[in-house]
Amino acid sequence: MRTEVGIVGAGPAGLVLAHLLHLRGIDSVVLEARGREYVERRIRAGVLEQGTVDLLDEMGVGERLRREGLVHEGIELQFGGERHRIDFPSLTGGRAITVYGQQEVVKDLIAARIETGRPLLFEVGDVTVNGVETDAPSIGFVHDGERGELRCEFVAGCDGYHGVCRESIPAGVLTEFSREYPFGWLGILAEAPPSNDELIYCYHERGFALHSMRSPTLTRLYLQCRPDEDLDEWPDDRIWDELERRFALEGWMLNRGEIVEKGVTGMRSFVVEPMQFGRLFLAGDAAHIVPPTGAKGLNLAVADVRILADALAAWFEHGDESRLAGYSAEVLRRIWRAEHFSWWMTSMLHRLEGGDAFDVKLQLAQLAYVASSPRAAASLAENYVGLERV
Ligand SMILES: Cc1cc2nc3c(=O)[nH]c(=O)nc-3n(C[C@H](O)[C@H](O)[C@H](O)COP(=O)(O)OP(=O)(O)OC[C@H]3O[C@@H](n4cnc5c(N)ncnc54)[C@H](O)[C@@H]3O)c2cc1C
């Protein structure tokens with residue numbers, strides 16, 4: 001097989017890149033380890049920045065998103081027994097976020113890819129990335145029991161944190177920056193109407209909690225927990241009781257419903273630099289991870305490939321190598337901004353293991369500042385809806 005860009009991974013990064021390249025007339029083949037059904041059902045992120053929504057629209061894959069996505073013009077911060085609203089449009093010149101599940105974005109992108117007739121191979125195994133330091137890289141793989149080789153001009157490593165692309169770069173090339181947090185999120189998806197019109201970020205002495213949603217009938221809720229929390233110790237009633245305790249507010253009720261998904265996600269910050277080796281370019285979770293408190297993971301993945309697509313187009317259309325050479329430095333500016341924002345939100349909102357009364361007072365002072373100062377609130381708001389320029 002031969003193509004112009006070999007893309008490893010059909011998550012948001014790989015699929016958006018494939019479609020952007022298609023729109024520029026550049027051929028690609030997408031290789032995905034999992035099956036289509038699995039990828040389309042994987043429950044993950046759900047908050048889309050304004051820029052992500054606009055891009056999906058411009059790409060012609062935003063029709064269902066515009067119809068079914070829930071536009072949110074603010075979030076609420078809960079602490080000290082009160083809720084405080086952060087109003088996005090007034091603080092950011094009219095910008096907002098849209099709540100639309102990552103799996104729905106992925107479904108729309110897969111449908112669009114299939115429509116183009118360009119290849120997207122599921123259940124591909126034994127992927128190896130070869131010769132990226134030459135002008136003729138290739139990707140080895142097994143599909144339908146047969147070994148194949150995809151020759152290409154460039155390889156895009158969009159295969160997430162546990163993928164093979166980053167690992168295929170020789171030792172000593174990449175520098176890793178990381179931080180592990182001593183807590184995780186126990187997340188549930190419940191068949192219950194959301195109990196609030198907007199997301200609630202709740203600071204509580206028993207730990208952080210987040211009220212979110214995926215649709216008018218599906219609520220997404222999270223509890224701060226240990227990173228190795230045993231789900232067997234959390235029967236449904238215990239989860240609901242704990243959520244009620246943390247969100248408790250006079251006159252407010254949490255809607256309960258059947259829990260259809262339950263999982264524990266660890267919290268980590270991680271970046272590799274540079275995001276390029278020869279003709280291999282990393283994008284999305286393959287190169288960076290943020291704790292989900294800032295809702296940035298999916299949005300960063302999309303922001304990376306938007307720039308990568310432009311850089312590849314400059315090479316294919318005009319032989320211009322400068323955009324590709326500058327790719328890593330260009331995307332890392334936004335990545336580090338988002339890393340800081342995600343770390344800041346995480347540090348402000350979670351109970352810190354080993355923290356003392358002084359830490360608690362500092363967190364409450366910071367929350368009170370954000371809730372009471374329009375300037376502090378504007379900083380949160382502009383980062384949350386996504387900075388136009390970084
Ligand atoms: C469990 C979980 C929960 C999350 N929850 C949230 C959340 O609540 N809010 C939020 O903002 N963000 C969340 N995120 C982060 C967000 O989902 C990611 O940042 C986003 O998916 C990044 O997109 P991506 O395309 O870079 O990577 P991915 O979505 O991980 O896609 C990578 C793709 O590559 C495939 N792949 C892996 N290895 C290979 C291989 N060897 N060969 C071929 N294909 C391969 C994978 O199957 C996958 O389909 C969560 C992430 C995880 C893992």
# chains A, B, ... in the order shown; residues from 1 in each chain; ligands from 1

call {"tool": "residues_around", "arguments": {"residues": "Ile110 of chain A", "least_positions_apart": "6", "cutoff": "9 Å", "atoms": "only C-alpha atoms", "output": "ChimeraX atom specification"}}
result
/A:10,15,36,40,120

call {"tool": "write_last_selection", "arguments": {"atoms": "all heavy atoms", "output": "PDB file, in the first residue's frame"}}
result
ATOM      1  N   ALA A  10      -7.311   6.145  15.223  1.00  0.00           N
ATOM      2  CA  ALA A  10      -8.563   6.793  14.779  1.00  0.00           C
ATOM      3  C   ALA A  10      -9.313   7.357  15.975  1.00  0.00           C
ATOM      4  O   ALA A  10     -10.503   7.127  16.162  1.00  0.00           O
ATOM      5  CB  ALA A  10      -9.424   5.804  14.003  1.00  0.00           C
ATOM      6  N   LEU A  15      -8.602  11.188  13.197  1.00  0.00           N
ATOM      7  CA  LEU A  15      -9.750  11.353  12.294  1.00  0.00           C
ATOM      8  C   LEU A  15      -9.883  12.794  11.794  1.00  0.00           C
ATOM      9  O   LEU A  15     -10.213  13.017  10.629  1.00  0.00           O
ATOM     10  CB  LEU A  15     -11.035  10.916  13.003  1.00  0.00           C
ATOM     11  CG  LEU A  15     -11.141   9.406  13.271  1.00  0.00           C
ATOM     12  CD1 LEU A  15     -12.258   9.109  14.270  1.00  0.00           C
ATOM     13  CD2 LEU A  15     -11.366   8.625  11.967  1.00  0.00           C
ATOM     14  N   ARG A  36     -14.490  -0.726  15.074  1.00  0.00           N
ATOM     15  CA  ARG A  36     -15.288   0.501  14.922  1.00  0.00           C
ATOM     16  C   ARG A  36     -16.257   0.693  16.084  1.00  0.00           C
ATOM     17  O   ARG A  36     -16.374   1.780  16.645  1.00  0.00           O
ATOM     18  CB  ARG A  36     -16.056   0.440  13.595  1.00  0.00           C
ATOM     19  CG  ARG A  36     -16.941   1.646  13.391  1.00  0.00           C
ATOM     20  CD  ARG A  36     -17.586   1.663  12.020  1.00  0.00           C
ATOM     21  NE  ARG A  36     -18.450   2.829  11.871  1.00  0.00           N
ATOM     22  CZ  ARG A  36     -19.159   3.089  10.799  1.00  0.00           C
ATOM     23  NH1 ARG A  36     -19.101   2.297   9.749  1.00  0.00           N
ATOM     24  NH2 ARG A  36     -19.934   4.160  10.743  1.00  0.00           N
ATOM     25  N   GLU A  40     -16.407   3.839  18.699  1.00  0.00           N
ATOM     26  CA  GLU A  40     -17.579   4.725  18.682  1.00  0.00           C
ATOM     27  C   GLU A  40     -18.329   4.742  20.017  1.00  0.00           C
ATOM     28  O   GLU A  40     -19.212   5.565  20.218  1.00  0.00           O
ATOM     29  CB  GLU A  40     -18.535   4.313  17.561  1.00  0.00           C
ATOM     30  CG  GLU A  40     -17.969   4.626  16.187  1.00  0.00           C
ATOM     31  CD  GLU A  40     -18.959   4.422  15.048  1.00  0.00           C
ATOM     32  OE1 GLU A  40     -19.962   3.689  15.232  1.00  0.00           O
ATOM     33  OE2 GLU A  40     -18.727   4.987  13.982  1.00  0.00           O
ATOM     34  N   LEU A 120      -9.779   3.546   5.933  1.00  0.00           N
ATOM     35  CA  LEU A 120      -9.735   3.576   7.400  1.00  0.00           C
ATOM     36  C   LEU A 120      -9.837   2.113   7.821  1.00  0.00           C
ATOM     37  O   LEU A 120     -10.878   1.487   7.643  1.00  0.00           O
ATOM     38  CB  LEU A 120     -10.916   4.401   7.942  1.00  0.00           C
ATOM     39  CG  LEU A 120     -11.322   4.230   9.403  1.00  0.00           C
ATOM     40  CD1 LEU A 120     -10.156   4.433  10.350  1.00  0.00           C
ATOM     41  CD2 LEU A 120     -12.450   5.210   9.755  1.00  0.00           C
TER      42      LEU A 120
END

call {"tool": "residues_near_ligand", "arguments": {"ligand": "ligand 1", "cutoff": "7 Å", "atoms": "only C-alpha atoms and all ligand atoms", "output": "PyMOL selection string"}}
result
chain A and resi 8-14+31-34+39+43-47+102+124-127+158-164+265+283-286+289+292+294-298+301

call {"tool": "closest_residue", "arguments": {"among": "A:Phe141, A:Phe341, A:Phe154, A:Trp234", "to": "Phe122 of chain A", "atoms": "only C-alpha atoms"}}
result
A:Phe141

call {"tool": "residues_around", "arguments": {"residues": "segment 94-98 of chain A", "least_positions_apart": "5", "cutoff": "8 Å", "atoms": "only C-alpha atoms", "output": "list in words"}}
result
Val47, Leu48, Glu49, Gln50, Val53, Gly69, Leu70, Val71, His72, Glu73, Gly74, Phe88, Pro89 and Val385 of chain A

call {"tool": "closest_atom_pairs", "arguments": {"of": "segment 81-195 of chain A", "to": "segment 349-366 of chain A", "cutoff": "10 Å", "atoms": "only C-alpha atoms", "output": "Markdown table"}}
result
| residue | atom | partner | partner_atom | distance |
| --- | --- | --- | --- | --- |
| A:Tyr181 | CA | A:Leu352 | CA | 9.1 |
| A:Pro182 | CA | A:Glu353 | CA | 6.9 |
| A:Phe183 | CA | A:Glu353 | CA | 8.1 |
| A:Gly184 | CA | A:His350 | CA | 9.9 |
